[in-house]
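Trainee: This is the structure I have questions about; it appears just below.
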Amino acid sequence: MATTTAPDRAARSGFLLELYRSALGKKYLMAVSGLVWLGYVLAHMIGNLKLYQSPEAFNGYAEFLRRLLYPILPESGTLNLLRLVMITALVVHVVSAYQLTQMNRRARPQRYEGPRDYVVADFAARTMRWTGVIVLLFMAYHLSDFLLGWVNPAPAGATLYEKVVASFSSVPIAAFYLVANVALGFHLFHGVWSLFQSMGWNNRRFNHLRRSLAIGFTAVVVGGNLSFPIAVQLGIIA
Amino acid sequence: MNLTLRVWRQAGPTAPGRFETYEANGVSEDSSFLEMLDGVNEELVAAGEEPIEFMHDCREGICGTCGMMINGQAHGPQALTTACQLHMRTFSDGDEIVVEPWRAAGFPIVKDLVVDRAAFDRIIEAGGYVSVETGSAQDANLIPVPKESADLAMDAAACIGCGACVAACPNGAAQLFTSAKLMHLNSLPQGQPERSERTVAMVEVMEEHFGSCTNYGECEAACPKGISIDFIAAMNRDHRRALVRNRRSA
Ligand code: HEM
Ligand code: FES
C-alpha cells in the first residue's frame with residue numbers, strides 16, 4: 001500500500017480538519033455535538049422543574065446560573081463560556097447536517113419509480129432533517145421569548161417566572177411549545193440510538209440496550225418539557 | 001401462475017428510460033425470479049424484440065452478480081434471499097411486479113436492469129487485501145487466530161458484494177459493503193499491519209462514490225447475507241483511531 005497519501009495529508013492539516021474532511025468524521029462530530037446538546041436538554045429540563053417548587057426557587061436558580069463559579073470567574077463568566085460551547089456545538093451540528101444532506105442528495109439523485117417501502121427506517125430516522133429544523137426555529141423563538149424578551153407578553157420588569165407564566169398562558173404559544181418538543185422527541189429518539197453507531201460504541205453485549213436508552217431519555221426530557229406549558233394552562237403553575 | 005411485469009427498459013447509460021409492461025403467463029411456482037425473466041426474454045426474442053438485460057452468474061446466491069429492485073425491495077420481498085434464489089411462490093397469481101435497476105449515483109445504469117458496480121472494485125483496490133510475501137506456503141497454524149476473531153471475520157466475509165445495501169439506502173451509501181470488507185480483514189491477525197492505512201484509504205474511496213450513513217438500517221434489512229450494521233459502527237471506530245494513529249506516526 002505504498003500509494004496511500006492519507007498519512008501525509010493528516011500530518012499537514014490538523015487532526016480535527018482531517019476528521020472533518022471525511023463524511024465519517026462529520027458524522028462523528030455530529031454525534032459529539034449532539035451529545036453536548038443532549039446533556040444540555042437534560043440539565044435544562046431538570047433545572048426548570050423548579051417551576052413546580054416556587055417562583056423564588058425558579059428565579060433563584062436563574063440567578064445561581066449567572067453566578068456559577070463566581071468569584072473564580074466574573075459574574076456570568078461561566079454561563080458565557082457554556083454559551084460559547086453550546087453555540088459552537090450547534091454550528092458544527094447544523095453545518096455538518098447540511099453538508100451531509102447535500103452529499104446524500106448527490107449520491108441518490110434518482111428516486112425509485114416503483115412502490116418503495118421502508119423496511120426498518122422509522123419515522124423518527126426519516127424526519128431528522130425536519131425535526132432538526134423545527135428545533136432550530138424553536139430555539140430562536142425560545143431565546144427571543146425568555147432570554148431577550150422580544151416576543152414575551154409579560155410587562156417590562158417582570159421576573160423570569162412571570163415571563164414563563166405569561167407566555168404559556170397563551171394557548172397558541174403553549175401549543176407551539178408542545179409541537180416543538182414533540183419534534184425534539186423524535187429527534188432524540190433516533191439521535192440517542194444513532195450516536196452509538198456514529199461514535200463506534202459497539203458492543204454486542206450491550207447493543208440491545210441502546211434503543212431502551214433512547215426511549216427512556218426521550219421520555220424523561222420531553223415528558224418534563226411538555227409538562228410546563230400544560231401545567232400553566234391547567235393553573236398548576238400560576 | 002400469470003403475472004404482469006412492469007420492467008425498467010433503458011437502451012444505454014445516457015438513453016432515457018421508461019417502464020414497459022409484459023405479461024408472464026404460465027409461470028411455475030417452483031421457478032426462480034430469474035428463470036421467470038428468462039421465459040419472458042424467450043418470448044421477446046421470438047417476437048423479434050430486445051430481451052431484458054439483467055446480470056446473473058451462479059444462480060445459487062453466492063456470487064453477488066444478480067440484483068434488482070423487485071417491488072421496491074432489493075432482491076425482492078423475501079429476507080436473506082438473492083433475486084436468483086427468490087422463488088415465484090413468494091408471489092400470487094395475478095400480481096403486478098415492478099422491476100427496476102439499483103439506483104445510486106455510484107452505480108450508473110449500463111442497460112435495462114444492469115448497473116456498473118465498478119465503484120466497489122475501486123474500494124477493494126484501495127485496501128481490501130493483505131500484503132503477504134509470496135514463496136513456499138508457511139506452516140499451518142503459524143498465526144494463531146482466536147475463535148472469536150475468526151467468527152467475526154467470517155460473518156463479514158459473507159458479503160457477496162451485490163450492492164443491495166447501496167440500492168436500499170435512501171442516501172445511496174455503501175457503508176455496509178465497505179465495513180464488511182474492512183472488518184473482515186481488520187478482525188484477523190493478518191490484517192493488523194495495514195489496518196490503519198486500509199481503513200482510511202477504503203473510506204476515502206467509498207466517500208468519493210457514495211453517500212453518508214444516517215443509520216436508517218435499510219441496508220441490513222436488504223442484505224441477502226444478513227451482514228450486521230455492527231460492522232458499520234466498528235468501521236467508524238477504526239476510522240477515527242486510524243486518523244489518530246496515522247497522524248502520530250507521520
Ligand atoms: C437540542 C438540540 C439537538 C440535539 C440534542 C440533537 C441531537 C442529535 C443527535 C444525538 C444526533 C445523532 C447523531 C449521529 O447519528 O451520530 C442528531 C442527528 C441529526 N441532527 Fe440533531 N440535535 C439537535 C439539534 C439539531 C438541529 C438544530 C438540527 C438542524 C437544523 C439538527 C439536525 C440533525 C440531523 C439532520 C441529524 C441526522 C444527521 C445524519 O444522520 O446525517 N439537529 N442530532
Ligand atoms: S446469480 Fe449469483 S448470487 Fe444471484
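Residues are named by chain letter and number: chains run A, B, ... in the order of the C-alpha cells, numbers start at 1 in each chain, and ligands are numbered from 1 in the order shown.
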Would you please give, as number ranges by chain, all residues of region 72-235 of chain A that DSSP assigns to helix (DSSP H, G or I) based on the backbone?
Mentor: A: 77-107, 123-126, 128-147, 160-169, 171-199, 209-233
Trainee: Counting only C-alpha atoms and all ligand atoms, what residues are within 7 Å of ligand 2, given as a short mmCIF file (atom, residue, chain, number, x, y, z; two decimals) with C-alpha atoms, in the first residue's frame?
Mentor:
```cif
data_model
loop_
_atom_site.label_atom_id
_atom_site.label_comp_id
_atom_site.auth_asym_id
_atom_site.auth_seq_id
_atom_site.Cartn_x
_atom_site.Cartn_y
_atom_site.Cartn_z
CA HIS B 56 -26.60 -13.21 -13.19
CA ASP B 57 -23.97 -15.86 -12.83
CA CYS B 58 -24.07 -18.59 -10.16
CA ARG B 59 -27.83 -18.55 -9.64
CA GLU B 60 -27.27 -20.10 -6.26
CA GLY B 61 -26.97 -16.99 -4.12
CA ILE B 62 -23.20 -16.95 -3.67
CA CYS B 63 -21.65 -14.77 -6.37
CA GLY B 64 -23.46 -11.48 -5.89
CA THR B 65 -23.88 -10.82 -9.61
CA CYS B 66 -27.66 -10.70 -9.73
CA GLY B 67 -29.52 -7.84 -8.20
CA THR B 82 -30.88 -13.03 -3.62
CA ALA B 83 -33.03 -12.46 -6.70
CA CYS B 84 -31.73 -15.71 -8.22
CA GLN B 85 -32.86 -17.63 -5.14
#
```
Trainee: For a quick test of understanding: name the residues of chain A lying within 9 Å of chain B when counting only C-alpha atoms, and present them as a PyMOL selection string.
Mentor: chain A and resi 1+4-11+14-15+18-19+22-25+27-28+100-101+103-122+125-126+190+193-204+207
Trainee: Throw together the list of residues within 6 Å of ligand 1, counting only C-alpha atoms and all ligand atoms, and drop it here as an NGL selection string.
Mentor: (:A and (27-28 or 30-31 or 34-35 or 37-38 or 41 or 94 or 97 or 100 or 128-129 or 132-133 or 135-136 or 188 or 191-192 or 194-195 or 198)) or (:B and (214))
Trainee: Could you tell me which of A:Ile173, A:Val32, A:Val220, A:Val85 comes closest to Val232 (chain A) if we count only C-alpha atoms?
Mentor: A:Ile173
Trainee: Write down as a list in words the residues belonging to region 97-229 of chain B that are assigned strand (DSSP E) by DSSP computed on the backbone.
Mentor: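 Answer for region 97-229 of chain B restricted to strand (DSSP E) is Ile97, Val98, Val99, Glu100, Ile109, Val110, Lys111, Val114 and Val115 of chain B.
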Trainee: As an exercise, work out the distance from CA of Asp145 (chain A) to CA of Ala62 (chain A) in Å and give it to one decimal place.
Mentor: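 A separation of 15.1 Å between them.
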Trainee: Go ahead and compute the interatomic distance for CA of Val110 (chain B) and CA of Gln10 (chain B), in Å to one decimal.
Mentor: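 Separation between CA of Val110 (chain B) and CA of Gln10 (chain B): 8.3 Å.
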Trainee: CA of Glu148 (chain B) to CA of Arg241 (chain B): how many Å, to one decimal?
Mentor: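 Between CA of Glu148 (chain B) and CA of Arg241 (chain B) the gap works out to 21.4 Å.
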Trainee: Compile the contact shell of Glu29 (chain B) as a PDB file with all heavy atoms, in the first residue's frame: residues with an atom at most 10 Å away, counting only C-alpha atoms, same-chain residues fewer than 6 positions apart removed.
Mentor:
```
ATOM      1  N   MET B   1     -48.893 -19.799 -12.733  1.00  0.00           N
ATOM      2  CA  MET B   1     -49.453 -18.516 -12.355  1.00  0.00           C
ATOM      3  C   MET B   1     -49.205 -17.477 -13.465  1.00  0.00           C
ATOM      4  O   MET B   1     -48.238 -17.571 -14.208  1.00  0.00           O
ATOM      5  CB  MET B   1     -48.852 -18.038 -11.018  1.00  0.00           C
ATOM      6  CG  MET B   1     -47.323 -17.982 -11.002  1.00  0.00           C
ATOM      7  SD  MET B   1     -46.615 -18.163  -9.342  1.00  0.00           S
ATOM      8  CE  MET B   1     -47.030 -16.609  -8.611  1.00  0.00           C
ATOM      9  N   MET B  36     -38.048 -16.909 -14.389  1.00  0.00           N
ATOM     10  CA  MET B  36     -39.269 -16.281 -14.884  1.00  0.00           C
ATOM     11  C   MET B  36     -38.903 -15.219 -15.926  1.00  0.00           C
ATOM     12  O   MET B  36     -39.521 -15.150 -16.995  1.00  0.00           O
ATOM     13  CB  MET B  36     -40.032 -15.676 -13.697  1.00  0.00           C
ATOM     14  CG  MET B  36     -41.346 -15.030 -14.018  1.00  0.00           C
ATOM     15  SD  MET B  36     -41.196 -13.316 -14.551  1.00  0.00           S
ATOM     16  CE  MET B  36     -40.570 -12.550 -13.055  1.00  0.00           C
ATOM     17  N   HIS B  87     -38.014 -17.574  -5.060  1.00  0.00           N
ATOM     18  CA  HIS B  87     -38.955 -18.433  -5.771  1.00  0.00           C
ATOM     19  C   HIS B  87     -40.239 -17.682  -6.127  1.00  0.00           C
ATOM     20  O   HIS B  87     -40.673 -16.806  -5.378  1.00  0.00           O
ATOM     21  CB  HIS B  87     -39.300 -19.666  -4.927  1.00  0.00           C
ATOM     22  CG  HIS B  87     -38.228 -20.712  -4.965  1.00  0.00           C
ATOM     23  ND1 HIS B  87     -37.310 -20.860  -3.963  1.00  0.00           N
ATOM     24  CD2 HIS B  87     -37.925 -21.642  -5.909  1.00  0.00           C
ATOM     25  CE1 HIS B  87     -36.475 -21.841  -4.277  1.00  0.00           C
ATOM     26  NE2 HIS B  87     -36.828 -22.339  -5.453  1.00  0.00           N
ATOM     27  N   MET B  88     -40.821 -18.060  -7.236  1.00  0.00           N
ATOM     28  CA  MET B  88     -42.029 -17.377  -7.677  1.00  0.00           C
ATOM     29  C   MET B  88     -43.209 -17.660  -6.754  1.00  0.00           C
ATOM     30  O   MET B  88     -44.204 -16.950  -6.781  1.00  0.00           O
ATOM     31  CB  MET B  88     -42.369 -17.748  -9.124  1.00  0.00           C
ATOM     32  CG  MET B  88     -41.373 -17.205 -10.138  1.00  0.00           C
ATOM     33  SD  MET B  88     -40.965 -15.463  -9.886  1.00  0.00           S
ATOM     34  CE  MET B  88     -42.535 -14.698 -10.246  1.00  0.00           C
ATOM     35  N   ARG B  89     -43.070 -18.683  -5.895  1.00  0.00           N
ATOM     36  CA  ARG B  89     -44.162 -18.967  -4.957  1.00  0.00           C
ATOM     37  C   ARG B  89     -44.302 -17.860  -3.909  1.00  0.00           C
ATOM     38  O   ARG B  89     -45.281 -17.821  -3.168  1.00  0.00           O
ATOM     39  CB  ARG B  89     -43.961 -20.327  -4.284  1.00  0.00           C
ATOM     40  CG  ARG B  89     -42.783 -20.446  -3.342  1.00  0.00           C
ATOM     41  CD  ARG B  89     -42.711 -21.833  -2.707  1.00  0.00           C
ATOM     42  NE  ARG B  89     -42.085 -22.797  -3.613  1.00  0.00           N
ATOM     43  CZ  ARG B  89     -40.780 -23.144  -3.530  1.00  0.00           C
ATOM     44  NH1 ARG B  89     -40.014 -22.625  -2.604  1.00  0.00           N
ATOM     45  NH2 ARG B  89     -40.265 -24.015  -4.381  1.00  0.00           N
ATOM     46  N   THR B  90     -43.321 -16.941  -3.842  1.00  0.00           N
ATOM     47  CA  THR B  90     -43.441 -15.783  -2.949  1.00  0.00           C
ATOM     48  C   THR B  90     -44.524 -14.827  -3.456  1.00  0.00           C
ATOM     49  O   THR B  90     -44.992 -13.971  -2.726  1.00  0.00           O
ATOM     50  CB  THR B  90     -42.109 -14.994  -2.903  1.00  0.00           C
ATOM     51  OG1 THR B  90     -41.071 -15.800  -3.450  1.00  0.00           O
ATOM     52  CG2 THR B  90     -41.753 -14.590  -1.511  1.00  0.00           C
ATOM     53  N   PHE B  91     -44.881 -14.974  -4.753  1.00  0.00           N
ATOM     54  CA  PHE B  91     -45.895 -14.095  -5.333  1.00  0.00           C
ATOM     55  C   PHE B  91     -47.196 -14.861  -5.520  1.00  0.00           C
ATOM     56  O   PHE B  91     -47.236 -16.080  -5.369  1.00  0.00           O
ATOM     57  CB  PHE B  91     -45.403 -13.548  -6.682  1.00  0.00           C
ATOM     58  CG  PHE B  91     -44.122 -12.769  -6.553  1.00  0.00           C
ATOM     59  CD1 PHE B  91     -42.893 -13.404  -6.727  1.00  0.00           C
ATOM     60  CD2 PHE B  91     -44.130 -11.422  -6.246  1.00  0.00           C
ATOM     61  CE1 PHE B  91     -41.699 -12.692  -6.597  1.00  0.00           C
ATOM     62  CE2 PHE B  91     -42.948 -10.703  -6.112  1.00  0.00           C
ATOM     63  CZ  PHE B  91     -41.738 -11.340  -6.287  1.00  0.00           C
ATOM     64  N   SER B  92     -48.262 -14.134  -5.853  1.00  0.00           N
ATOM     65  CA  SER B  92     -49.546 -14.799  -6.075  1.00  0.00           C
ATOM     66  C   SER B  92     -49.977 -14.579  -7.511  1.00  0.00           C
ATOM     67  O   SER B  92     -49.595 -13.585  -8.142  1.00  0.00           O
ATOM     68  CB  SER B  92     -50.622 -14.229  -5.148  1.00  0.00           C
ATOM     69  OG  SER B  92     -50.091 -14.014  -3.874  1.00  0.00           O
ATOM     70  N   ASP B  93     -50.794 -15.476  -7.974  1.00  0.00           N
ATOM     71  CA  ASP B  93     -51.354 -15.387  -9.320  1.00  0.00           C
ATOM     72  C   ASP B  93     -52.028 -14.017  -9.488  1.00  0.00           C
ATOM     73  O   ASP B  93     -52.739 -13.562  -8.590  1.00  0.00           O
ATOM     74  CB  ASP B  93     -52.386 -16.515  -9.503  1.00  0.00           C
ATOM     75  CG  ASP B  93     -52.869 -16.583 -10.944  1.00  0.00           C
ATOM     76  OD1 ASP B  93     -52.025 -16.438 -11.847  1.00  0.00           O
ATOM     77  OD2 ASP B  93     -54.091 -16.757 -11.145  1.00  0.00           O
TER      78      ASP B  93
END
```
Trainee: Which residue, A:Arg21, A:Arg67, A:His93, A:Arg210, has the smallest gap to Val36 (chain A) when you use only C-alpha atoms?
Mentor: A:His93
Trainee: Name all residues at most 12 Å from His142 (chain A) (count only C-alpha atoms; drop same-chain ones fewer than 4 positions away) and give them as a ChimeraX atom specification.
Mentor: /A:134-138,146-152,163-164,167-168,173-174,176-177,180-181
Trainee: Using only C-alpha atoms, which of A:Ile72, A:Val92, A:Leu65, A:Leu209 sits nearest Tyr20 (chain A)?
Mentor: A:Val92
Trainee: Contacts of Pro189 (chain B) at 10 Å or less, counting only C-alpha atoms, minus same-chain residues fewer than 6 places along, as a list of chain:residue names?
Mentor: B:Ile143, B:Pro144, B:Val145, B:Pro146, B:Ser149, B:Ala150, B:Arg195
Trainee: Kindly indicate which residue among B:Cys159, B:Ala164, B:Ala46, B:Ala174 lies nearest to Met202 (chain B), using only C-alpha atoms for the distances.
Mentor: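 When distances to Met202 (chain B) are compared using only C-alpha atoms, the smallest one comes from B:Ala174.
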Trainee: Under the rule that only C-alpha atoms are counted, which of B:Met154, B:Ala119, B:Cys162, B:Val27 is the nearest residue to Met55 (chain B)?
Mentor: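 With only C-alpha atoms as the atom set, the closest residue is B:Cys162.
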